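Okay, structure.cif is below, mmCIF, C-alpha atoms:
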data_target
#
loop_
_atom_site.group_PDB
_atom_site.id
_atom_site.type_symbol
_atom_site.label_atom_id
_atom_site.label_comp_id
_atom_site.auth_asym_id
_atom_site.auth_seq_id
_atom_site.Cartn_x
_atom_site.Cartn_y
_atom_site.Cartn_z
ATOM 1 C CA MET R 1 -51.743 -38.071 -17.145
ATOM 2 C CA LYS R 2 -48.681 -35.961 -16.426
ATOM 3 C CA LEU R 3 -47.561 -35.114 -12.906
ATOM 4 C CA THR R 4 -47.568 -31.445 -13.873
ATOM 5 C CA ALA R 5 -51.265 -31.633 -14.773
ATOM 6 C CA ILE R 6 -52.067 -31.689 -11.050
ATOM 7 C CA SER R 7 -51.558 -28.397 -9.213
ATOM 8 C CA PRO R 8 -49.090 -28.230 -6.300
ATOM 9 C CA GLN R 9 -51.977 -27.521 -3.912
ATOM 10 C CA ARG R 10 -53.722 -30.716 -5.016
ATOM 11 C CA TRP R 11 -50.515 -32.677 -4.472
ATOM 12 C CA MET R 12 -50.414 -31.325 -0.932
ATOM 13 C CA LEU R 13 -54.037 -32.356 -0.418
ATOM 14 C CA LEU R 14 -53.252 -35.857 -1.749
ATOM 15 C CA ILE R 15 -50.295 -36.104 0.663
ATOM 16 C CA ALA R 16 -52.530 -35.036 3.558
ATOM 17 C CA LEU R 17 -55.272 -37.523 2.658
ATOM 18 C CA SER R 18 -52.748 -40.338 2.231
ATOM 19 C CA GLY R 19 -51.209 -39.500 5.605
ATOM 20 C CA ILE R 20 -54.613 -39.463 7.280
ATOM 21 C CA GLY R 21 -55.343 -42.852 5.729
ATOM 22 C CA MET R 22 -52.076 -44.194 7.123
ATOM 23 C CA LEU R 23 -52.861 -42.847 10.593
ATOM 24 C CA VAL R 24 -56.326 -44.425 10.496
ATOM 25 C CA PHE R 25 -54.813 -47.739 9.394
ATOM 26 C CA GLY R 26 -52.284 -47.561 12.247
ATOM 27 C CA LEU R 27 -55.078 -46.967 14.743
ATOM 28 C CA TYR R 28 -56.991 -49.886 13.204
ATOM 29 C CA LEU R 29 -53.979 -52.166 13.669
ATOM 30 C CA GLN R 30 -53.565 -50.964 17.246
ATOM 31 C CA HIS R 31 -57.139 -50.949 18.513
ATOM 32 C CA LEU R 32 -58.903 -53.597 16.421
ATOM 33 C CA VAL R 33 -56.128 -56.028 15.506
ATOM 34 C CA GLY R 34 -54.339 -55.612 18.844
ATOM 35 C CA LEU R 35 -50.814 -54.694 17.728
ATOM 36 C CA ASN R 36 -48.973 -52.624 20.332
ATOM 37 C CA PRO R 37 -46.938 -49.767 18.829
ATOM 38 C CA CYS R 38 -43.319 -49.552 19.872
ATOM 39 C CA PRO R 39 -41.574 -46.254 20.752
ATOM 40 C CA MET R 40 -40.258 -45.913 17.203
ATOM 41 C CA CYS R 41 -43.773 -46.452 15.844
ATOM 42 C CA ILE R 42 -45.014 -43.619 18.063
ATOM 43 C CA VAL R 43 -42.247 -41.322 16.762
ATOM 44 C CA GLN R 44 -43.232 -42.220 13.193
ATOM 45 C CA ARG R 45 -46.849 -41.372 14.002
ATOM 46 C CA TYR R 46 -45.786 -37.951 15.268
ATOM 47 C CA ALA R 47 -43.757 -37.414 12.085
ATOM 48 C CA LEU R 48 -46.759 -38.471 10.011
ATOM 49 C CA ILE R 49 -48.996 -36.049 11.909
ATOM 50 C CA GLY R 50 -46.438 -33.330 11.136
ATOM 51 C CA VAL R 51 -46.506 -34.251 7.442
ATOM 52 C CA VAL R 52 -50.318 -34.140 7.405
ATOM 53 C CA VAL R 53 -50.485 -30.757 9.178
ATOM 54 C CA LEU R 54 -47.852 -29.212 6.896
ATOM 55 C CA ALA R 55 -49.572 -30.638 3.810
ATOM 56 C CA LEU R 56 -52.920 -29.188 4.910
ATOM 57 C CA ILE R 57 -51.281 -25.810 5.519
ATOM 58 C CA GLY R 58 -49.556 -25.969 2.127
ATOM 59 C CA TRP R 59 -52.807 -26.955 0.444
ATOM 60 C CA ARG R 60 -54.221 -23.507 1.262
ATOM 61 C CA LEU R 61 -51.100 -21.496 0.324
ATOM 62 C CA ARG R 62 -49.457 -20.349 -2.896
ATOM 63 C CA GLY R 63 -46.002 -19.128 -3.909
ATOM 64 C CA ASN R 64 -43.387 -18.754 -1.179
ATOM 65 C CA GLY R 65 -45.743 -19.948 1.569
ATOM 66 C CA LEU R 66 -46.412 -23.172 -0.315
ATOM 67 C CA ALA R 67 -42.690 -23.607 -0.985
ATOM 68 C CA ALA R 68 -41.840 -23.113 2.705
ATOM 69 C CA SER R 69 -44.565 -25.485 3.835
ATOM 70 C CA SER R 70 -43.491 -28.173 1.384
ATOM 71 C CA LEU R 71 -39.816 -27.817 2.378
ATOM 72 C CA LEU R 72 -40.763 -28.238 6.041
ATOM 73 C CA LEU R 73 -42.871 -31.228 4.996
ATOM 74 C CA THR R 74 -39.810 -32.677 3.241
ATOM 75 C CA LEU R 75 -37.703 -32.275 6.397
ATOM 76 C CA THR R 76 -40.405 -33.863 8.559
ATOM 77 C CA ALA R 77 -40.797 -36.744 6.119
ATOM 78 C CA GLY R 78 -37.018 -37.160 6.154
ATOM 79 C CA PHE R 79 -37.080 -37.480 9.933
ATOM 80 C CA GLY R 80 -39.880 -40.059 9.682
ATOM 81 C CA ALA R 81 -37.960 -41.956 6.979
ATOM 82 C CA PHE R 82 -34.841 -41.981 9.164
ATOM 83 C CA THR R 83 -36.801 -43.416 12.105
ATOM 84 C CA ALA R 84 -38.486 -46.028 9.889
ATOM 85 C CA ALA R 85 -35.138 -46.962 8.342
ATOM 86 C CA ARG R 86 -33.605 -47.390 11.799
ATOM 87 C CA GLN R 87 -36.505 -49.597 12.880
ATOM 88 C CA SER R 88 -36.214 -51.641 9.681
ATOM 89 C CA TRP R 89 -32.511 -52.100 10.405
ATOM 90 C CA LEU R 90 -33.329 -53.301 13.926
ATOM 91 C CA GLN R 91 -35.867 -55.733 12.502
ATOM 92 C CA TRP R 92 -33.394 -57.139 9.989
ATOM 93 C CA TYR R 93 -30.483 -57.273 12.473
ATOM 94 C CA PRO R 94 -32.023 -57.516 15.951
ATOM 95 C CA PRO R 95 -29.692 -56.847 18.896
ATOM 96 C CA GLU R 96 -29.123 -59.573 21.456
ATOM 97 C CA VAL R 97 -30.769 -57.546 24.218
ATOM 98 C CA VAL R 98 -33.988 -55.781 23.251
ATOM 99 C CA ASN R 99 -35.055 -52.843 25.411
ATOM 100 C CA CYS R 100 -37.734 -50.857 23.639
ATOM 101 C CA GLY R 101 -40.174 -49.979 26.376
ATOM 102 C CA ARG R 102 -42.323 -51.364 29.194
ATOM 103 C CA ASP R 103 -45.792 -52.807 29.025
ATOM 104 C CA PHE R 104 -48.820 -50.699 29.976
ATOM 105 C CA TYR R 105 -49.841 -52.612 33.104
ATOM 106 C CA GLY R 106 -46.291 -52.678 34.420
ATOM 107 C CA MET R 107 -46.075 -48.896 34.091
ATOM 108 C CA VAL R 108 -49.383 -48.270 35.901
ATOM 109 C CA GLU R 109 -48.566 -50.721 38.707
ATOM 110 C CA ASN R 110 -44.997 -49.534 39.295
ATOM 111 C CA PHE R 111 -45.196 -45.785 38.746
ATOM 112 C CA PRO R 112 -47.448 -42.957 39.948
ATOM 113 C CA LEU R 113 -50.037 -41.840 37.405
ATOM 114 C CA ASN R 114 -48.241 -38.567 36.631
ATOM 115 C CA ARG R 115 -45.178 -40.586 35.497
ATOM 116 C CA ALA R 116 -47.105 -43.457 33.914
ATOM 117 C CA ILE R 117 -49.171 -41.314 31.502
ATOM 118 C CA PRO R 118 -46.145 -39.888 29.613
ATOM 119 C CA MET R 119 -44.662 -43.386 29.466
ATOM 120 C CA ILE R 120 -47.821 -44.675 27.776
ATOM 121 C CA PHE R 121 -47.136 -42.425 24.788
ATOM 122 C CA LYS R 122 -43.669 -43.919 24.450
ATOM 123 C CA GLY R 123 -45.204 -47.191 23.233
ATOM 124 C CA SER R 124 -44.965 -50.647 24.665
ATOM 125 C CA GLY R 125 -44.233 -52.992 21.787
ATOM 126 C CA ASP R 126 -40.890 -54.462 20.753
ATOM 127 C CA CYS R 127 -39.242 -52.412 17.981
ATOM 128 C CA THR R 128 -37.553 -55.489 16.499
ATOM 129 C CA LYS R 129 -40.691 -57.623 16.338
ATOM 130 C CA ILE R 130 -42.498 -57.969 12.999
ATOM 131 C CA ASP R 131 -46.206 -58.413 13.744
ATOM 132 C CA TRP R 132 -47.668 -57.596 10.330
ATOM 133 C CA THR R 133 -46.433 -57.770 6.736
ATOM 134 C CA PHE R 134 -47.765 -56.830 3.329
ATOM 135 C CA LEU R 135 -45.995 -58.022 0.170
ATOM 136 C CA GLY R 136 -43.036 -59.042 2.314
ATOM 137 C CA GLY R 137 -42.587 -55.622 3.939
ATOM 138 C CA SER R 138 -43.121 -54.810 7.606
ATOM 139 C CA ILE R 139 -44.930 -51.734 8.867
ATOM 140 C CA ALA R 140 -41.581 -49.981 9.287
ATOM 141 C CA ASN R 141 -40.562 -50.888 5.724
ATOM 142 C CA TRP R 142 -43.778 -49.492 4.292
ATOM 143 C CA SER R 143 -43.542 -46.388 6.490
ATOM 144 C CA PHE R 144 -40.076 -45.761 5.069
ATOM 145 C CA VAL R 145 -41.384 -46.056 1.492
ATOM 146 C CA TRP R 146 -44.262 -43.630 2.176
ATOM 147 C CA PHE R 147 -42.072 -41.121 4.022
ATOM 148 C CA VAL R 148 -39.593 -41.095 1.128
ATOM 149 C CA LEU R 149 -42.469 -40.636 -1.333
ATOM 150 C CA PHE R 150 -43.910 -37.778 0.750
ATOM 151 C CA GLY R 151 -40.472 -36.165 1.018
ATOM 152 C CA LEU R 152 -39.842 -36.359 -2.721
ATOM 153 C CA LEU R 153 -43.306 -34.992 -3.501
ATOM 154 C CA GLY R 154 -42.773 -32.194 -0.982
ATOM 155 C CA LEU R 155 -39.478 -31.278 -2.624
ATOM 156 C CA TRP R 156 -41.067 -31.409 -6.074
ATOM 157 C CA VAL R 157 -43.930 -29.163 -4.931
ATOM 158 C CA ALA R 158 -41.430 -26.701 -3.436
ATOM 159 C CA LEU R 159 -39.494 -26.505 -6.679
ATOM 160 C CA ARG R 160 -42.636 -26.278 -8.795
ATOM 161 C CA SER R 161 -44.286 -23.630 -6.632
ATOM 162 C CA ARG R 162 -41.227 -21.385 -6.913
ATOM 163 C CA ARG R 163 -40.821 -21.780 -10.683
ATOM 164 C CA PRO R 164 -43.666 -19.519 -11.914
ATOM 165 C CA ALA R 165 -42.549 -16.574 -9.758
ATOM 166 C CA GLN R 166 -38.968 -16.921 -10.996
ATOM 167 C CA LEU R 167 -40.084 -17.095 -14.625
ATOM 168 C CA VAL R 168 -42.127 -13.939 -14.252
ATOM 169 C CA GLN R 169 -39.110 -12.096 -12.794
ATOM 170 C CA LEU R 170 -36.820 -13.383 -15.543
ATOM 171 C CA ASN R 171 -39.187 -12.141 -18.247
ATOM 172 C CA GLY R 172 -39.179 -8.660 -16.690
ATOM 173 C CA ILE R 173 -42.903 -8.657 -16.015
ATOM 174 C CA ALA R 174 -42.631 -8.233 -12.241
#
Rewrite the structure from the file as structure tokens, please.
Amino acid sequence: MKLTAISPQRWMLLIALSGIGMLVFGLYLQHLVGLNPCPMCIVQRYALIGVVVLALIGWRLRGNGLAASSLLLTLTAGFGAFTAARQSWLQWYPPEVVNCGRDFYGMVENFPLNRAIPMIFKGSGDCTKIDWTFLGGSIANWSFVWFVLFGLLGLWVALRSRRPAQLVQLNGIA
């Protein structure tokens, strides 16, 4: 099967479904396995939510709207890839002093609730700690791979969604 056999809208839907699956898996690791997300993990989740939202928007659009949505998706995925790459770097070369956030109970005990609630969303795990691996890659490593894949697919969809309109104009039909 060729990549071009699948429409750009379907690629956007596949990106959205893959991103939702990743978010569900992250919540599984957090709530059922007991892994605390670090601040960089939280930022990657926000980037992944952005990718999913932009992919769902692009799924329903055509032409220039699809191209714009997929380009924004590519930028968001690039930001997520940068954050995942930075976390991977910290995991491979941990600094001597790790300061990645406070634990939940320490925040609630030491700060008023109106300051503690925003701190909760900053994460409480250690960004350099590797709690889970699959095929030798940490969560940050796999996040990087998926963000790069999403970014490349987003760029491909943007280029492909613009091509038919340009061909029509070049042929003098428009």
Looking at R:Asp131, R:Gln44, R:Gly80, R:Ser88, which one is nearest to Gln30 in chain R, with distances taken over all atoms listed in the file? R:Asp131
Suppose a student applies the PyMOL selection byres ((chain R and resi 142-147) around 8) to this structure; what residues should they get, written as an mmCIF file with C-alpha atoms, keeping the file's coordinate frame?
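Now in expr35.cif:
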data_model
loop_
_atom_site.group_PDB
_atom_site.id
_atom_site.type_symbol
_atom_site.label_atom_id
_atom_site.label_comp_id
_atom_site.auth_asym_id
_atom_site.auth_seq_id
_atom_site.Cartn_x
_atom_site.Cartn_y
_atom_site.Cartn_z
ATOM 1 C CA GLN R 44 -43.232 -42.220 13.193
ATOM 2 C CA ALA R 77 -40.797 -36.744 6.119
ATOM 3 C CA GLY R 78 -37.018 -37.160 6.154
ATOM 4 C CA GLY R 80 -39.880 -40.059 9.682
ATOM 5 C CA ALA R 81 -37.960 -41.956 6.979
ATOM 6 C CA PHE R 82 -34.841 -41.981 9.164
ATOM 7 C CA ALA R 84 -38.486 -46.028 9.889
ATOM 8 C CA ALA R 85 -35.138 -46.962 8.342
ATOM 9 C CA GLY R 137 -42.587 -55.622 3.939
ATOM 10 C CA SER R 138 -43.121 -54.810 7.606
ATOM 11 C CA ILE R 139 -44.930 -51.734 8.867
ATOM 12 C CA ALA R 140 -41.581 -49.981 9.287
ATOM 13 C CA ASN R 141 -40.562 -50.888 5.724
ATOM 14 C CA VAL R 148 -39.593 -41.095 1.128
ATOM 15 C CA LEU R 149 -42.469 -40.636 -1.333
ATOM 16 C CA PHE R 150 -43.910 -37.778 0.750
ATOM 17 C CA GLY R 151 -40.472 -36.165 1.018
#
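Proximity of R:Gly21, R:Pro8, R:Gly26, R:Gly154 to Leu61 in chain R, computed with only C-alpha atoms, is greatest for R:Pro8.
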Please list as number ranges by chain every residue within 8 Å of Leu54 in chain R, counting only C-alpha atoms and excluding residues in the same chain fewer than 5 positions away. R: 69-70, 72-73
Tell me which of R:Leu27, R:Gly34, R:Ala55, R:Arg45 sits closest to Arg10 in chain R, counting only C-alpha atoms. R:Ala55
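Across R:Leu32, R:Ala158, R:Met12, R:Trp89, the tightest approach to Ala68 in chain R is made by R:Ala158 when counting all atoms listed in the file.
Using only C-alpha atoms, the protein and nucleic acid residues lying no more than 10 Å from Trp11 in chain R, apart from those fewer than 4 places from it along its own chain, are R:Leu3, R:Thr4, R:Ile6, R:Ser7, R:Ile15, R:Ala16, R:Leu17, R:Ala55, R:Gly58, R:Trp59, R:Phe150, R:Leu153, R:Gly154, R:Trp156, R:Val157.
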Return the padded bounding box of range 54-57 of chain R as lines of an AutoDock Vina configuration file: axis-aligned, built from all atoms listed in the file, 6 Å added on each side, with centre and edge lengths in Å to one decimal.
center_x = -50.4
center_y = -28.2
center_z = 5.4
size_x = 17.1
size_y = 16.8
size_z = 15.1
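Put simply, CA of Ser18 in chain R is 10.2 Å away from CA of Val51 in chain R.
Our summary of the geometry notes that CA of Met22 in chain R is positioned 18.7 Å from CA of Leu75 in chain R.
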